[in-house]
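Remarks on the structure that follows.
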Amino acid sequence: MSDTQQERYLVTGATGAQGGAVLKLLSERGREVVGLARHTATPHDGAIVRTVDLADREGLCRAFEGVTRVAAGLPLVYDMEMASAYAANLVHAAERAGVRRLVLNTNLPVPSKPTGYPAFETRRIAEETLRSSGLPITVLRPPLYLDNLFGPGHAPALVNDGVLAFPLPNSLPVSWMSLDDMAAATVAALDGADELVGSALPVGGPEAVTGPRLAELFARELGREVTFHAMAPGDFEAAVGAIMGPELGAGIAGGYHWAWASAGEDAFTADPVAVEKHLGIRLTPLRRWIAAQPWSRWARPAD
Ligand SMILES: NC(=O)c1ccc[n+]([C@@H]2O[C@H](COP(=O)([O-])OP(=O)(O)OC[C@H]3O[C@@H](n4cnc5c(N)ncnc54)[C@H](OP(=O)(O)O)[C@@H]3O)[C@@H](O)[C@H]2O)c1
């Protein structure tokens, strides 16, 4: 364990969903923390944000000055060279700063064998680049975030129509995890025992459930009928592509194409007992997470 008074933390993707949750938790715990993003220089959740692109190696070195612990992840990038360069730049900056612990969030699972899909392979190459560097690295591989379901792509249909639509087959179990639990896991790994260094832990929530089972839990908490709709990944890709462009649509949907083609190969589940034991955290039960969200925000106004 570290004396946290002596530490300065840096969080990449600090204005995004995953990095933002880590930045917030570190700030709440009174740690000295700086965020990193390209566009926002205004303080965020009580922390300074340094503006730099992960592609800018020297800029990254300047941002890392005085930093001892780093929570890193990749942004929405599905280009292998770019992902590889971002990871190499993180290694370079962390080595220069003499970082004592770097926790990489792979953003998604990393299946055991190559998949051919950049959604996973960009993460695999980033993980390999960091782990082969010799730096004190811990890798956390999350499954899918529950918070996706509270977003505009899913929540309105859930709340108003009782449809939980997601591009996964009916039979695939997923250890859905909240962003807050992932932030707690990240901070635990940043501060945790030296035995965590060198490990790559699949993390996840306390229960692995199929889509239909998740719909049952939603039905109970929302007090209405909810059915799971296993969206075809091609339809999901078209819907995301219409909003974010075809390239990002294909990148994001790739993970779901693989999940359908391979039946997931257990990649989306994690052992909750191991997660709680290794990281010393308590995972949030699915029902408690569902009950805590302000779902009425998405209710369609009555005519
Ligand atoms: N497992 C899941 O359920 C799940 C859910 C959502 C996303 N993801 C994955 O997580 C990854 C990140 O997505 P996200 O939705 O979390 O992203 P996000 O919320 O949009 O956040 C991205 C963050 O990174 C920063 N950023 C982007 N490009 C950067 C660059 N070149 N250099 C430095 N900072 C940069 C952004 O700020 P600036 O734009 O100001 O730089 C922002 O702070 C994606 O691979 C996505 O597929 C997984």
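Identifiers in the structure tokens: chain A, B, ... in order shown; residue index from 1 per chain; ligand index from 1 in order shown.
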With DSSP run on the backbone, what are the strand (DSSP E) residues within region 56-148 of chain A? I'd like them as an mmCIF file with N, CA and C atoms, in the first residue's frame.
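As a result, states_32.cif now contains:
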```cif
data_model
loop_
_atom_site.group_PDB
_atom_site.id
_atom_site.type_symbol
_atom_site.label_atom_id
_atom_site.label_comp_id
_atom_site.auth_asym_id
_atom_site.auth_seq_id
_atom_site.Cartn_x
_atom_site.Cartn_y
_atom_site.Cartn_z
ATOM 1 N N ARG A 69 1.146 7.866 -10.143
ATOM 2 C CA ARG A 69 0.207 6.754 -10.409
ATOM 3 C C ARG A 69 -0.740 7.163 -11.533
ATOM 4 N N VAL A 70 -0.959 6.249 -12.462
ATOM 5 C CA VAL A 70 -1.723 6.589 -13.678
ATOM 6 C C VAL A 70 -2.848 5.589 -13.909
ATOM 7 N N ALA A 71 -4.049 6.129 -14.140
ATOM 8 C CA ALA A 71 -5.171 5.299 -14.589
ATOM 9 C C ALA A 71 -5.367 5.610 -16.070
ATOM 10 N N ALA A 72 -5.120 4.632 -16.932
ATOM 11 C CA ALA A 72 -5.145 4.885 -18.378
ATOM 12 C C ALA A 72 -6.171 4.000 -19.077
ATOM 13 N N GLY A 73 -6.657 4.512 -20.189
ATOM 14 C CA GLY A 73 -7.542 3.733 -21.059
ATOM 15 C C GLY A 73 -7.455 4.332 -22.440
ATOM 16 N N ARG A 101 2.944 3.085 -10.482
ATOM 17 C CA ARG A 101 1.887 2.108 -10.784
ATOM 18 C C ARG A 101 1.043 2.673 -11.942
ATOM 19 N N LEU A 102 0.783 1.854 -12.933
ATOM 20 C CA LEU A 102 -0.105 2.257 -14.031
ATOM 21 C C LEU A 102 -1.185 1.190 -14.165
ATOM 22 N N VAL A 103 -2.435 1.622 -14.105
ATOM 23 C CA VAL A 103 -3.554 0.692 -14.260
ATOM 24 C C VAL A 103 -4.191 0.947 -15.618
ATOM 25 N N LEU A 104 -4.196 -0.064 -16.454
ATOM 26 C CA LEU A 104 -4.812 0.058 -17.774
ATOM 27 C C LEU A 104 -6.210 -0.549 -17.736
ATOM 28 N N ASN A 105 -7.208 0.262 -18.116
ATOM 29 C CA ASN A 105 -8.564 -0.239 -18.324
ATOM 30 C C ASN A 105 -8.690 -0.537 -19.817
ATOM 31 N N ILE A 137 2.650 -2.486 -14.059
ATOM 32 C CA ILE A 137 1.324 -2.370 -14.693
ATOM 33 C C ILE A 137 0.343 -3.358 -14.083
ATOM 34 N N THR A 138 -0.893 -2.909 -13.888
ATOM 35 C CA THR A 138 -2.006 -3.824 -13.622
ATOM 36 C C THR A 138 -3.047 -3.566 -14.699
ATOM 37 N N VAL A 139 -3.562 -4.644 -15.297
ATOM 38 C CA VAL A 139 -4.568 -4.493 -16.348
ATOM 39 C C VAL A 139 -5.923 -4.944 -15.806
ATOM 40 N N LEU A 140 -6.944 -4.121 -16.026
ATOM 41 C CA LEU A 140 -8.309 -4.498 -15.669
ATOM 42 C C LEU A 140 -9.122 -4.600 -16.954
ATOM 43 N N ARG A 141 -9.774 -5.742 -17.136
ATOM 44 C CA ARG A 141 -10.553 -5.967 -18.358
ATOM 45 C C ARG A 141 -12.034 -6.019 -17.994
#
```
Please identify all polymer residues within 8 Å of region 8-24 of chain A, counting only C-alpha atoms, omitting same-chain residues fewer than 5 positions from it, and present them as a PyMOL selection string. chain A and resi 31-37+40+44-47+49+64+66-75+179-180+182-184+186-187
In Å, rounded to a single decimal, give me how far CA of Trp289 (chain A) is from atom 34 (N, counted along the ligand's line) of ligand 1.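 That distance, rounded to one decimal, is 28.5 Å.
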Quick one: residues within 8 Å of Pro111 (chain A), only C-alpha atoms counted, chain neighbours fewer than 5 positions away excluded, as number ranges by chain? A: 120, 265, 267
Output C-alpha atoms for every residue in the selection just made, as a tab-separated table (two decimals), in the first residue's frame.
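This is the output file selection.tsv:
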```tsv
chain	number	residue	atom	x	y	z
A	120	PHE	CA	-10.76	-6.15	-29.08
A	265	GLU	CA	-16.46	-17.67	-25.28
A	267	ALA	CA	-15.24	-13.29	-22.42
```
Quick one: residues within 9 Å of region 198-204 of chain A, only C-alpha atoms counted, chain neighbours fewer than 5 positions away excluded, as a VMD selection string? chain A and resid 109 to 110 127 131 134 to 145 174 to 178 181 to 182 185 267 to 272 274 to 275 283
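Of the residues listed (A:Pro206, A:Gly192, A:Gly251, A:Gly223), A:Gly251 shows the shortest atom-to-atom separation from ligand 1; distances use only C-alpha atoms and all ligand atoms.
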Two-atom distance - CA of Ala55 (chain A), CA of Val91 (chain A) (Å):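 Going from CA of Ala55 (chain A) over to CA of Val91 (chain A), I get 12.2 Å.
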Taking the backbone alone, and naming residues the way the document does, which bits of region 73-216 of chain A are helix (DSSP H, G or I) by DSSP, as a PyMOL selection string? chain A and resi 80-97+118-131+146-150+155-161+179-191+194-196+211-216
Interatomic distance between atom 13 (O, counted along the ligand's line) of ligand 1 and CA of Asn107 (chain A)?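 These two atoms are separated by 7.2 Å.
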Hey, which of A:His229, A:Asp79, A:Arg100, A:Arg38 ends up closest to Ala63 (chain A)? Count only C-alpha atoms.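 Comparing A:His229, A:Asp79, A:Arg100, A:Arg38 against Ala63 (chain A), the winner is A:Arg38.
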Shell around Asp161 (chain A) at 10 Å using only C-alpha atoms, local window under 3 positions removed, as a PyMOL selection string: chain A and resi 155-158+164+224-227+299-300
